[in-house]
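Visitor: Structure file work.txt, compact mmCIF, C-alpha atoms, is pasted below:
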# COMPACT_ATOMS: atom_id res chain seq x y z
CA MET A 1 80.02 9.93 35.58
CA ASN A 2 82.88 10.48 33.17
CA ALA A 3 83.17 6.93 31.87
CA LEU A 4 80.89 3.98 31.30
CA PRO A 5 81.15 1.18 33.87
CA ARG A 6 82.64 -2.16 32.95
CA SER A 7 80.24 -4.96 32.14
CA ARG A 8 79.65 -7.74 34.67
CA GLY A 9 78.25 -10.40 32.34
CA PRO A 10 76.21 -10.92 29.16
CA LEU A 11 73.25 -8.74 30.20
CA SER A 12 75.20 -5.60 31.06
CA GLU A 13 77.54 -6.27 28.13
CA ALA A 14 74.55 -6.41 25.76
CA VAL A 15 73.27 -3.06 27.06
CA LEU A 16 76.69 -1.42 26.77
CA ASP A 17 77.35 -2.84 23.31
CA LEU A 18 73.99 -1.60 22.10
CA VAL A 19 74.11 1.97 23.42
CA THR A 20 77.74 2.53 22.39
CA ALA A 21 77.14 1.43 18.78
CA GLY A 22 75.83 4.87 17.84
CA PRO A 23 72.36 6.42 17.69
CA PRO A 24 69.39 4.07 17.67
CA ALA A 25 68.67 2.79 14.17
CA ALA A 26 65.22 1.91 12.86
CA GLY A 27 64.68 -1.82 12.98
CA ARG A 28 67.80 -2.52 15.01
CA LEU A 29 67.40 -5.71 17.03
CA LEU A 30 68.92 -6.26 20.42
CA THR A 31 71.31 -9.20 20.47
CA GLU A 32 69.89 -11.92 22.68
CA PRO A 33 71.86 -11.58 25.93
CA GLY A 34 70.93 -15.00 27.31
CA PRO A 35 68.66 -16.18 30.14
CA LEU A 36 67.91 -14.08 33.22
CA THR A 37 69.27 -16.52 35.78
CA ASP A 38 69.87 -14.36 38.87
CA PRO A 39 67.87 -11.15 39.34
CA TRP A 40 69.90 -10.32 42.46
CA GLY A 41 73.21 -10.85 40.66
CA GLU A 42 75.88 -8.36 39.60
CA ASP A 43 75.13 -8.63 35.87
CA HIS A 44 71.36 -8.22 36.20
CA GLN A 45 71.54 -5.29 38.61
CA LEU A 46 74.13 -3.40 36.57
CA ALA A 47 72.14 -3.92 33.35
CA LEU A 48 69.05 -2.52 35.06
CA HIS A 49 71.04 0.38 36.51
CA LEU A 50 72.33 1.28 33.05
CA CYS A 51 68.81 1.27 31.61
CA TYR A 52 67.58 3.51 34.41
CA GLU A 53 70.45 5.97 34.06
CA LEU A 54 69.21 6.73 30.55
CA HIS A 55 66.08 8.17 32.24
CA ASP A 56 68.11 10.04 34.83
CA ARG A 57 71.56 11.57 34.29
CA GLY A 58 72.21 9.73 31.01
CA LEU A 59 75.32 7.71 30.17
CA PRO A 60 78.58 9.35 28.99
CA GLY A 61 78.96 9.30 25.25
CA VAL A 62 75.56 7.66 24.73
CA ASP A 63 72.94 9.19 22.44
CA PRO A 64 69.98 10.29 24.61
CA GLU A 65 67.58 8.83 22.06
CA TRP A 66 68.37 5.40 23.54
CA GLU A 67 66.11 6.29 26.46
CA TRP A 68 63.02 5.28 24.46
CA ASP A 69 64.47 2.70 22.08
CA PRO A 70 61.90 -0.15 21.79
CA GLY A 71 64.51 -2.92 21.78
CA LEU A 72 66.23 -1.64 24.88
CA LEU A 73 62.90 -1.05 26.61
CA ALA A 74 61.95 -4.66 25.88
CA LEU A 75 65.09 -5.85 27.63
CA ARG A 76 64.46 -3.48 30.52
CA ARG A 77 60.93 -4.88 30.84
CA ASP A 78 62.31 -8.41 31.15
CA LEU A 79 64.91 -7.29 33.70
CA GLU A 80 62.24 -5.49 35.72
CA ARG A 81 59.80 -8.38 35.71
CA ALA A 82 62.42 -10.81 36.99
CA PHE A 83 63.63 -8.35 39.64
CA LEU A 84 60.11 -7.48 40.79
CA ALA A 85 59.21 -11.17 41.10
CA ALA A 86 62.32 -11.75 43.21
CA VAL A 87 61.48 -8.78 45.44
CA ARG A 88 57.90 -9.97 45.91
CA ALA A 89 59.13 -13.41 46.96
CA GLU A 90 61.64 -11.87 49.37
CA ALA A 91 59.09 -9.48 50.88
CA GLU A 92 56.52 -12.12 51.79
CA PRO A 93 54.50 -12.16 53.96
CA VAL A 94 53.33 -8.58 53.47
CA ARG A 95 51.55 -7.21 56.53
CA PRO A 96 48.32 -5.20 56.26
CA LEU A 97 49.13 -1.53 55.82
CA PRO A 98 48.36 -0.38 59.41
CA GLU A 99 50.65 -3.09 60.78
CA ALA A 100 53.33 -2.33 58.21
CA LEU A 101 53.39 1.36 59.14
CA GLU A 102 53.30 0.62 62.87
CA SER A 103 56.29 -1.69 62.54
CA LEU A 104 58.36 1.19 61.16
CA LEU A 105 57.83 3.31 64.27
CA THR A 106 59.62 1.04 66.74
CA GLU A 107 63.24 0.01 66.51
CA PRO A 108 64.25 -3.34 68.01
CA PRO A 109 66.25 -2.93 71.24
CA ASP A 110 69.00 -5.18 69.85
CA GLY A 111 69.41 -3.38 66.52
CA SER A 112 72.28 -4.77 64.47
CA GLY A 113 72.24 -2.95 61.12
CA PRO A 114 75.12 -1.02 59.52
CA SER A 115 74.48 2.19 61.48
CA HIS A 116 74.59 0.23 64.77
CA PHE A 117 77.80 -1.47 63.67
CA LEU A 118 79.50 1.76 62.62
CA LEU A 119 78.50 3.44 65.87
CA ALA A 120 79.65 0.63 68.15
CA GLU A 121 82.75 -0.74 66.45
CA GLY A 122 83.13 0.63 62.94
CA GLU A 123 86.48 1.77 61.58
CA ARG A 124 87.10 4.69 59.27
CA TRP A 125 87.62 2.47 56.21
CA GLN A 126 84.21 0.91 56.79
CA ALA A 127 82.54 4.31 57.08
CA ARG A 128 84.16 5.34 53.80
CA GLU A 129 82.90 2.18 52.13
CA TYR A 130 79.42 2.87 53.46
CA LEU A 131 79.41 6.29 51.81
CA VAL A 132 80.58 4.79 48.52
CA HIS A 133 77.66 2.35 48.55
CA ARG A 134 75.15 5.05 49.45
CA SER A 135 76.51 7.52 46.91
CA VAL A 136 74.61 5.74 44.12
CA TYR A 137 71.41 7.17 45.61
CA HIS A 138 72.35 10.10 47.80
CA LEU A 139 74.20 11.97 45.06
CA LYS A 140 70.82 12.22 43.32
CA GLU A 141 68.51 12.30 46.34
CA ALA A 142 65.44 12.39 45.89
CA ASP A 143 65.22 12.17 42.10
CA PRO A 144 63.60 8.69 41.97
CA GLN A 145 60.76 9.79 44.25
CA LEU A 146 59.92 12.82 42.09
CA TRP A 147 58.50 10.45 39.48
CA LEU A 148 55.67 9.90 41.97
CA VAL A 149 54.57 13.53 42.10
CA PRO A 150 52.46 13.61 38.90
CA ARG A 151 51.05 10.17 39.72
CA VAL A 152 49.31 11.00 42.98
CA HIS A 153 46.86 13.88 43.35
CA GLY A 154 45.05 16.01 45.87
CA PRO A 155 46.44 16.54 49.39
CA ALA A 156 48.86 13.60 49.05
CA GLN A 157 50.54 15.26 46.08
CA ALA A 158 50.87 18.60 47.88
CA VAL A 159 52.49 17.02 50.96
CA LEU A 160 54.77 14.82 48.84
CA MET A 161 55.94 17.95 47.06
CA ALA A 162 56.54 19.72 50.38
CA ILE A 163 58.82 16.89 51.50
CA ALA A 164 60.64 16.94 48.17
CA TYR A 165 61.12 20.70 48.53
CA ASP A 166 63.11 20.06 51.71
CA GLU A 167 65.17 17.34 49.99
CA TYR A 168 66.33 19.88 47.42
CA GLY A 169 67.31 22.47 50.00
CA ALA A 170 64.00 24.32 50.54
CA GLY A 171 65.01 27.03 48.09
CA ARG A 172 68.66 27.08 49.18
CA PRO A 173 70.77 25.23 46.60
CA ASP A 174 73.69 24.89 49.02
CA ARG A 175 71.43 22.86 51.37
CA ALA A 176 70.27 20.32 48.79
CA HIS A 177 70.78 16.91 50.32
CA ALA A 178 72.72 15.61 47.32
CA LEU A 179 75.21 18.46 47.73
CA LEU A 180 75.49 17.84 51.48
CA PHE A 181 76.31 14.20 50.75
CA ALA A 182 78.96 15.24 48.23
CA ARG A 183 80.54 17.51 50.85
CA MET A 184 80.52 14.62 53.32
CA MET A 185 82.29 12.36 50.82
CA ALA A 186 84.96 15.00 50.20
CA ASP A 187 85.44 15.47 53.95
CA LEU A 188 86.23 11.76 54.26
CA GLY A 189 88.67 11.81 51.35
CA LEU A 190 86.31 10.37 48.73
CA ASP A 191 85.62 11.63 45.22
CA PRO A 192 82.11 13.18 45.17
CA GLU A 193 81.69 13.02 41.39
CA TYR A 194 78.42 11.38 40.43
CA GLY A 195 79.01 7.76 39.37
CA HIS A 196 82.73 7.80 40.17
CA TYR A 197 82.58 4.57 42.17
CA ILE A 198 80.01 2.64 40.14
CA ASP A 199 82.49 -0.13 39.22
CA LEU A 200 83.17 -0.69 42.92
CA VAL A 201 79.53 -0.82 44.06
CA PRO A 202 78.15 -4.39 44.25
CA ALA A 203 74.71 -5.69 43.34
CA PRO A 204 73.06 -5.38 46.80
CA ALA A 205 73.67 -1.61 46.81
CA LEU A 206 72.56 -1.22 43.18
CA ALA A 207 69.37 -3.14 43.98
CA VAL A 208 68.41 -0.59 46.64
CA VAL A 209 68.41 2.23 44.07
CA ASN A 210 67.03 0.12 41.22
CA LEU A 211 63.97 -0.61 43.35
CA MET A 212 63.33 3.11 43.81
CA MET A 213 63.61 3.69 40.08
CA LEU A 214 61.38 0.73 39.27
CA PHE A 215 58.62 2.01 41.53
CA GLY A 216 59.02 5.60 40.36
CA LEU A 217 58.93 4.92 36.63
CA HIS A 218 55.76 2.81 36.58
CA ARG A 219 52.39 4.38 37.28
CA ALA A 220 51.03 0.92 38.08
CA LEU A 221 53.55 0.74 40.95
CA ARG A 222 52.93 4.21 42.37
CA GLY A 223 51.41 2.77 45.54
CA ALA A 224 54.51 0.66 46.12
CA GLY A 225 56.61 3.75 45.47
CA VAL A 226 54.74 5.68 48.16
CA GLY A 227 55.17 2.78 50.59
CA HIS A 228 58.87 2.60 49.84
CA PHE A 229 59.23 6.36 50.35
CA ALA A 230 57.34 6.11 53.65
CA ALA A 231 59.72 3.39 54.84
CA LEU A 232 62.72 5.60 54.02
CA GLU A 233 61.37 8.67 55.76
CA VAL A 234 59.91 7.01 58.85
CA THR A 235 63.07 5.04 59.68
CA SER A 236 65.67 7.62 58.69
CA SER A 237 66.01 9.83 61.75
CA PRO A 238 67.37 7.33 64.34
CA GLY A 239 69.80 5.80 61.86
CA SER A 240 71.00 9.25 60.83
CA ALA A 241 71.70 10.11 64.47
CA ARG A 242 73.84 6.99 64.86
CA LEU A 243 75.72 7.65 61.64
CA ALA A 244 76.45 11.29 62.51
CA THR A 245 77.85 10.21 65.89
CA ALA A 246 79.85 7.38 64.33
CA LEU A 247 81.39 9.62 61.68
CA GLU A 248 82.32 12.24 64.26
CA ARG A 249 84.02 9.53 66.34
CA LEU A 250 85.93 8.42 63.23
CA GLY A 251 87.35 11.88 62.58
CA ALA A 252 84.81 13.51 60.27
CA GLY A 253 84.71 17.30 60.33
CA PRO A 254 81.59 19.49 60.26
CA ASP A 255 80.99 18.77 56.56
CA GLY A 256 81.43 15.07 57.29
CA THR A 257 78.45 14.94 59.65
CA LEU A 258 76.16 17.70 58.33
CA PHE A 259 74.28 15.43 55.89
CA TYR A 260 73.17 13.04 58.62
CA ARG A 261 72.61 15.76 61.21
CA GLU A 262 70.30 17.47 58.71
CA HIS A 263 68.31 14.24 58.40
CA ILE A 264 67.85 13.80 62.16
CA GLU A 265 65.55 16.80 62.36
CA ALA A 266 64.20 16.92 58.81
CA ASP A 267 63.14 13.28 58.67
CA ALA A 268 61.57 13.42 62.12
CA VAL A 269 59.19 15.97 60.58
CA HIS A 270 58.91 14.07 57.30
CA GLU A 271 57.91 10.92 59.17
CA GLN A 272 54.71 12.60 60.34
CA LEU A 273 54.06 14.21 56.97
CA VAL A 274 54.51 11.06 54.93
CA ARG A 275 52.35 8.88 57.19
CA ARG A 276 49.45 11.29 57.62
CA GLY A 277 49.71 13.68 54.72
CA VAL A 278 50.76 11.25 51.98
CA VAL A 279 49.84 7.66 52.91
CA GLU A 280 46.60 8.32 54.79
CA GLU A 281 45.41 10.89 52.26
CA LEU A 282 46.25 8.63 49.31
CA VAL A 283 44.46 5.63 50.82
CA SER A 284 41.46 7.84 51.55
CA ALA A 285 41.36 8.90 47.90
CA GLU A 286 42.29 5.51 46.43
CA PRO A 287 41.55 2.70 48.93
CA GLY A 288 42.61 0.09 46.39
CA LEU A 289 46.24 1.21 46.77
CA ALA A 290 46.54 0.12 50.41
CA ASP A 291 47.95 -3.32 49.58
CA ASP A 292 50.42 -1.83 47.11
CA ILE A 293 51.64 0.69 49.69
CA ALA A 294 52.10 -2.14 52.21
CA PHE A 295 54.09 -4.08 49.62
CA GLY A 296 56.32 -1.04 49.06
CA VAL A 297 57.08 -0.91 52.79
CA ALA A 298 57.91 -4.62 52.82
CA ALA A 299 59.97 -4.39 49.63
CA ALA A 300 62.08 -1.57 51.04
CA GLY A 301 62.81 -3.65 54.12
CA ALA A 302 63.64 -6.78 52.15
CA VAL A 303 66.10 -5.09 49.80
CA ASP A 304 67.70 -3.05 52.59
CA ASP A 305 68.11 -6.22 54.65
CA ARG A 306 70.02 -7.87 51.81
CA PHE A 307 72.27 -4.84 51.55
CA ALA A 308 72.86 -4.76 55.31
CA ALA A 309 73.68 -8.47 55.37
CA HIS A 310 76.24 -7.97 52.60
CA LEU A 311 77.98 -5.18 54.49
CA LEU A 312 78.05 -6.90 57.86
CA ASP A 313 79.12 -10.28 56.50
CA HIS A 314 82.15 -8.68 54.87
CA TRP A 315 83.04 -6.24 57.63
CA ARG A 316 82.83 -8.81 60.42
CA ALA A 317 85.17 -11.01 58.41
CA GLY A 318 87.60 -8.10 57.99
CA ARG A 319 86.97 -7.89 54.23
CA SER A 320 86.10 -5.01 51.96
CA SER A 321 82.41 -4.88 51.07
CA LEU A 322 83.17 -3.30 47.69
CA ARG A 323 83.95 -5.10 44.45
CA SER A 324 87.45 -3.62 44.66
CA PRO A 325 88.78 -2.12 47.89
CA LEU A 326 89.54 1.51 48.53
CA PRO A 327 93.19 2.30 49.34
CA ASP A 328 92.62 2.02 53.10
CA SER A 329 90.33 -1.05 52.93
CA PRO A 330 91.46 -4.63 53.47
CA LEU A 331 91.93 -6.84 50.45
CA PRO A 332 89.00 -9.19 49.70
CA GLY A 333 90.84 -11.89 51.63
CA GLY A 334 91.06 -9.63 54.69
CA VAL A 335 94.79 -8.89 54.62
CA GLY A 336 96.54 -5.65 53.75
CA ALA A 337 95.25 -2.96 51.45
CA ALA A 338 95.24 -2.41 47.73
CA PRO A 339 95.45 0.68 45.52
CA SER A 340 92.14 1.68 44.03
CA ARG A 341 90.06 4.79 43.46
CA GLY A 342 90.43 7.25 46.30
Turn this file's structure into C-alpha cells for me.
Guide:
Amino acid sequence: MNALPRSRGPLSEAVLDLVTAGPPAAGRLLTEPGPLTDPWGEDHQLALHLCYELHDRGLPGVDPEWEWDPGLLALRRDLERAFLAAVRAEAEPVRPLPEALESLLTEPPDGSGPSHFLLAEGERWQAREYLVHRSVYHLKEADPQLWLVPRVHGPAQAVLMAIAYDEYGAGRPDRAHALLFARMMADLGLDPEYGHYIDLVPAPALAVVNLMMLFGLHRALRGAGVGHFAALEVTSSPGSARLATALERLGAGPDGTLFYREHIEADAVHEQLVRRGVVEELVSAEPGLADDIAFGVAAAGAVDDRFAAHLLDHWRAGRSSLRSPLPDSPLPGGVGAAPSRG
C-alpha cells in the first residue's frame, strides 16, 4: 500500500486524521467521531480495517507507535463491539458444533454462490472484480490465522502450525499462497501490489477480512477463530475447483489458475487436518470452547453470505460490484465502462 485510502465517513476520517497528525502524544484525546450507526457500513468497516492494518502491514507514512495508542484502541474496541454484535445477530441460530461441522461437508445441489456464477455464466470483468475483492485477504494469506497459534496448545497447535506451513509455501517461498495470488492477479491484468485496490473494495469484502482479524487478535475469541478457520478450509476445495475452471474458460494462463488449483488438493487435505487435528483436539482439551467454535463456523457463513449477495446482486444487474469500476467493468448504472485503476 503506497497511499492511505480515502475516508468514507466520520469514523474512518477520525482514524485517518489521528494517525496522520504525527507520532502519538501523551494525553492526546481522540476527537469524538459520532455514533456507530451501521456496523456493516462503508465507514465502519474501513475504520476497523485501518485499525487492524496497524497490527499487520502498517499504514504508509504512519508512525508504528499508533498500534498501541490507548485512544485509538478505545475507538477500535467500540468498533469491534458493534461489529461483533451485528455478526452474532446475523449468525443466529448457531447449530451445535457437530451439526455445524457436518453442514460444511455437503454442498447444496443447487449452489448459487460467486464461484457457481463465475463457472456457469461469469464474464472476464466479473472474474477480475472477484480477485480485487479477495485481494484484501489473499495477498496476506494466512496472516490473520497465525494469531491463533500461540493461543491454542498441545496437538491442536501442532496441526494448526502444519496447515499454516503449507499456506506459506511449505519452505518454498515461491509457493506461498499470497505470492500465487499476486501472480494470478498479474496474469489477469491487475496490479498485485498489497492494498492497491483498497479504495475500490466495498464494505462486504472488508467485513470478511475484518472478522478474521477480530477473531485472531482476541484470545477470548480464539475458539471462534478456530471455527472460522475450519469453515474456510473445509469448504475451500470445491469452490477452488470451480474458480480454476472458470478462470481458464475466461482466458487465464497457467499463473492465472495456479492459486486455485493449488487449493483444490491442499485444502482437501487441510479439511481433514482442521476437523480432526485442530477442532477435535481443541475441544478435547478445552470442552468449554465448543460453542465458540460453532459460532465461528456460523459467523464465517453469515459474513460470506453477505459478501456473496453483494456480488451477485450487482453482477446480475450488469453493474460493477466495486465502489468504482475497473476499466473493463460496467459503470454503476450498468452501461459502458469507466477509467479506473487497472
Visitor: Could you give me, as a PyMOL selection string, the residues within 8 Å of A:Ala205, counting all atoms listed in the file and dropping anything in the same chain fewer than 5 positions from it?
Guide: chain A and resi 133-134+136+307
Visitor: May I have the protein, DNA and RNA residues with any atom at most 12 Å from the point (68.6, 13.4, 33.9), counting all atoms listed in the file, written as a PyMOL selection string?
Guide: chain A and resi 52-60+64+67+140+143-144+146-147+194
Visitor: Hey, can you check how far atom CA of A:Glu271 sits from atom CA of A:Glu233?
Guide: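 Between atom CA of A:Glu271 and atom CA of A:Glu233 the gap works out to 5.4 Å.
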Visitor: Give me the residues near A:Val209 as a PyMOL selection string, where near means some atom within 12 Å (using only C-alpha atoms) and where sequence neighbours in that chain fewer than 3 positions away do not count.
Guide: chain A and resi 45-46+48-50+52-53+133-145+201-206+212-216+225+228-229+232+300+303-304+307
Visitor: Please produce a file of the residues just selected, as a JSON list (two decimals), in the frame of the given file, where the atoms kept are C-alpha atoms.
Guide:
[["chain", "number", "residue", "atom", "x", "y", "z"],
["A", 45, "GLN", "CA", 71.54, -5.29, 38.61],
["A", 46, "LEU", "CA", 74.13, -3.40, 36.57],
["A", 48, "LEU", "CA", 69.05, -2.52, 35.06],
["A", 49, "HIS", "CA", 71.04, 0.38, 36.51],
["A", 50, "LEU", "CA", 72.33, 1.28, 33.05],
["A", 52, "TYR", "CA", 67.58, 3.51, 34.41],
["A", 53, "GLU", "CA", 70.45, 5.97, 34.06],
["A", 133, "HIS", "CA", 77.66, 2.35, 48.55],
["A", 134, "ARG", "CA", 75.15, 5.05, 49.45],
["A", 135, "SER", "CA", 76.51, 7.52, 46.91],
["A", 136, "VAL", "CA", 74.61, 5.74, 44.12],
["A", 137, "TYR", "CA", 71.41, 7.17, 45.61],
["A", 138, "HIS", "CA", 72.35, 10.10, 47.80],
["A", 139, "LEU", "CA", 74.20, 11.97, 45.06],
["A", 140, "LYS", "CA", 70.82, 12.22, 43.32],
["A", 141, "GLU", "CA", 68.51, 12.30, 46.34],
["A", 142, "ALA", "CA", 65.44, 12.39, 45.89],
["A", 143, "ASP", "CA", 65.22, 12.17, 42.10],
["A", 144, "PRO", "CA", 63.60, 8.69, 41.97],
["A", 145, "GLN", "CA", 60.76, 9.79, 44.25],
["A", 201, "VAL", "CA", 79.53, -0.82, 44.06],
["A", 202, "PRO", "CA", 78.15, -4.39, 44.25],
["A", 203, "ALA", "CA", 74.71, -5.69, 43.34],
["A", 204, "PRO", "CA", 73.06, -5.38, 46.80],
["A", 205, "ALA", "CA", 73.67, -1.61, 46.81],
["A", 206, "LEU", "CA", 72.56, -1.22, 43.18],
["A", 212, "MET", "CA", 63.33, 3.11, 43.81],
["A", 213, "MET", "CA", 63.61, 3.69, 40.08],
["A", 214, "LEU", "CA", 61.38, 0.73, 39.27],
["A", 215, "PHE", "CA", 58.62, 2.01, 41.53],
["A", 216, "GLY", "CA", 59.02, 5.60, 40.36],
["A", 225, "GLY", "CA", 56.61, 3.75, 45.47],
["A", 228, "HIS", "CA", 58.87, 2.60, 49.84],
["A", 229, "PHE", "CA", 59.23, 6.36, 50.35],
["A", 232, "LEU", "CA", 62.72, 5.60, 54.02],
["A", 300, "ALA", "CA", 62.08, -1.57, 51.04],
["A", 303, "VAL", "CA", 66.10, -5.09, 49.80],
["A", 304, "ASP", "CA", 67.70, -3.05, 52.59],
["A", 307, "PHE", "CA", 72.27, -4.84, 51.55]]
Visitor: Take the point (82.4, 15.4, 58.9) as written in the file and pick out every residue within 9 Å of it, counting all atoms listed in the file; give the list as a list in words.
Guide: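 In the file's frame, the residues around the point are Arg183, Met184, Met185, Asp187, Leu188, Ala244, Leu247, Glu248, Leu250, Gly251, Ala252, Gly253, Pro254, Asp255, Gly256, Thr257, Leu258 and Phe259 of chain A.
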Visitor: Would you mind exporting the chosen residues as a PDB file, in the coordinates of the input, restricted to C-alpha atoms?
Guide:
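The resulting file, selection.pdb, is shown below:
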ATOM      1  CA  ARG A 183      80.540  17.510  50.850  1.00  0.00           C
ATOM      2  CA  MET A 184      80.520  14.620  53.320  1.00  0.00           C
ATOM      3  CA  MET A 185      82.290  12.360  50.820  1.00  0.00           C
ATOM      4  CA  ASP A 187      85.440  15.470  53.950  1.00  0.00           C
ATOM      5  CA  LEU A 188      86.230  11.760  54.260  1.00  0.00           C
ATOM      6  CA  ALA A 244      76.450  11.290  62.510  1.00  0.00           C
ATOM      7  CA  LEU A 247      81.390   9.620  61.680  1.00  0.00           C
ATOM      8  CA  GLU A 248      82.320  12.240  64.260  1.00  0.00           C
ATOM      9  CA  LEU A 250      85.930   8.420  63.230  1.00  0.00           C
ATOM     10  CA  GLY A 251      87.350  11.880  62.580  1.00  0.00           C
ATOM     11  CA  ALA A 252      84.810  13.510  60.270  1.00  0.00           C
ATOM     12  CA  GLY A 253      84.710  17.300  60.330  1.00  0.00           C
ATOM     13  CA  PRO A 254      81.590  19.490  60.260  1.00  0.00           C
ATOM     14  CA  ASP A 255      80.990  18.770  56.560  1.00  0.00           C
ATOM     15  CA  GLY A 256      81.430  15.070  57.290  1.00  0.00           C
ATOM     16  CA  THR A 257      78.450  14.940  59.650  1.00  0.00           C
ATOM     17  CA  LEU A 258      76.160  17.700  58.330  1.00  0.00           C
ATOM     18  CA  PHE A 259      74.280  15.430  55.890  1.00  0.00           C
TER      19      PHE A 259
END
Visitor: Can you pull out every residue within 9 Å of stretch 93-105 of chain A, counting only C-alpha atoms, but drop anything in the same chain fewer than 6 positions away, and send it as a PyMOL selection string?
Guide: chain A and resi 227+230-231+234-235+275+290-295+297-299
Visitor: Put a box with edges along x, y and z around all the listed atoms of stretch 175-185 of chain A, pad it by 3 Å on each side, then give me its centre and sizes in Å, one decimal, as AutoDock Vina command-line options.
Guide:
--center_x 76.3 --center_y 17.6 --center_z 50.3 --size_x 18.0 --size_y 16.5 --size_z 12.0
Visitor: Which one is closest to A:Ala85: A:Leu211, A:Leu148, A:Ala164, A:Thr106? Count only C-alpha atoms.
Guide: A:Leu211
Visitor: Grab the atom CA of A:Trp66 to atom CA of A:Ala224 distance for me, in Å with one decimal place.
Guide: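 Atom-to-atom, atom CA of A:Trp66 and atom CA of A:Ala224 are spaced 26.9 Å apart.
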Visitor: Go through A:Pro155, A:Gly61, A:Gly111, A:Pro330 and flag the residue nearest A:Ala21, using all atoms listed in the file for the distances.
Guide: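 Closest residue, counting all atoms listed in the file: A:Gly61.
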Visitor: Please measure the separation of atom CA of A:Glu280 and atom CA of A:Gly296, giving the value in Å to one decimal.
Guide: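 Pair atom CA of A:Glu280 / atom CA of A:Gly296 returns 14.7 Å.
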Visitor: Which one of A:Ala3, A:Arg151, A:Val19, A:Ala246 sits closest to A:Trp68 if you count all atoms listed in the file?
Guide: A:Val19
Visitor: Closest to A:Ala186 among A:Leu73, A:Leu131, A:Ala47, A:Val283, using all atoms listed in the file?
Guide: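 Closest candidate: A:Leu131.
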Visitor: Taking into account all atoms listed in the file, which residue in the set A:Ala302, A:Ala266, A:Trp315, A:Trp125 is nearest to A:Pro327?
Guide: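 Looking at the shortest contact to A:Pro327, the residue is A:Trp125.
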Visitor: Rank nothing, just name the residue among A:Leu289, A:Leu243, A:Val132, A:Leu322 nearest to A:Pro192, using only C-alpha atoms.
Guide: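 Closest to A:Pro192, using only C-alpha atoms: A:Val132.
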Visitor: What's the 9 Å shell around A:Leu118, counting only C-alpha atoms, without same-chain residues fewer than 4 positions away, as an NGL selection string?
Guide: :A and (113-114 or 122-124 or 126-127 or 242-243 or 246-247)
Visitor: Would you pick out the contacts of stretch 284-288 of chain A at 10 Å or less, using only C-alpha atoms, so that residues sharing its chain but fewer than 5 positions from it are not included, and give the list as a ChimeraX atom specification?
Guide: /A:152-156,223,278-279,293
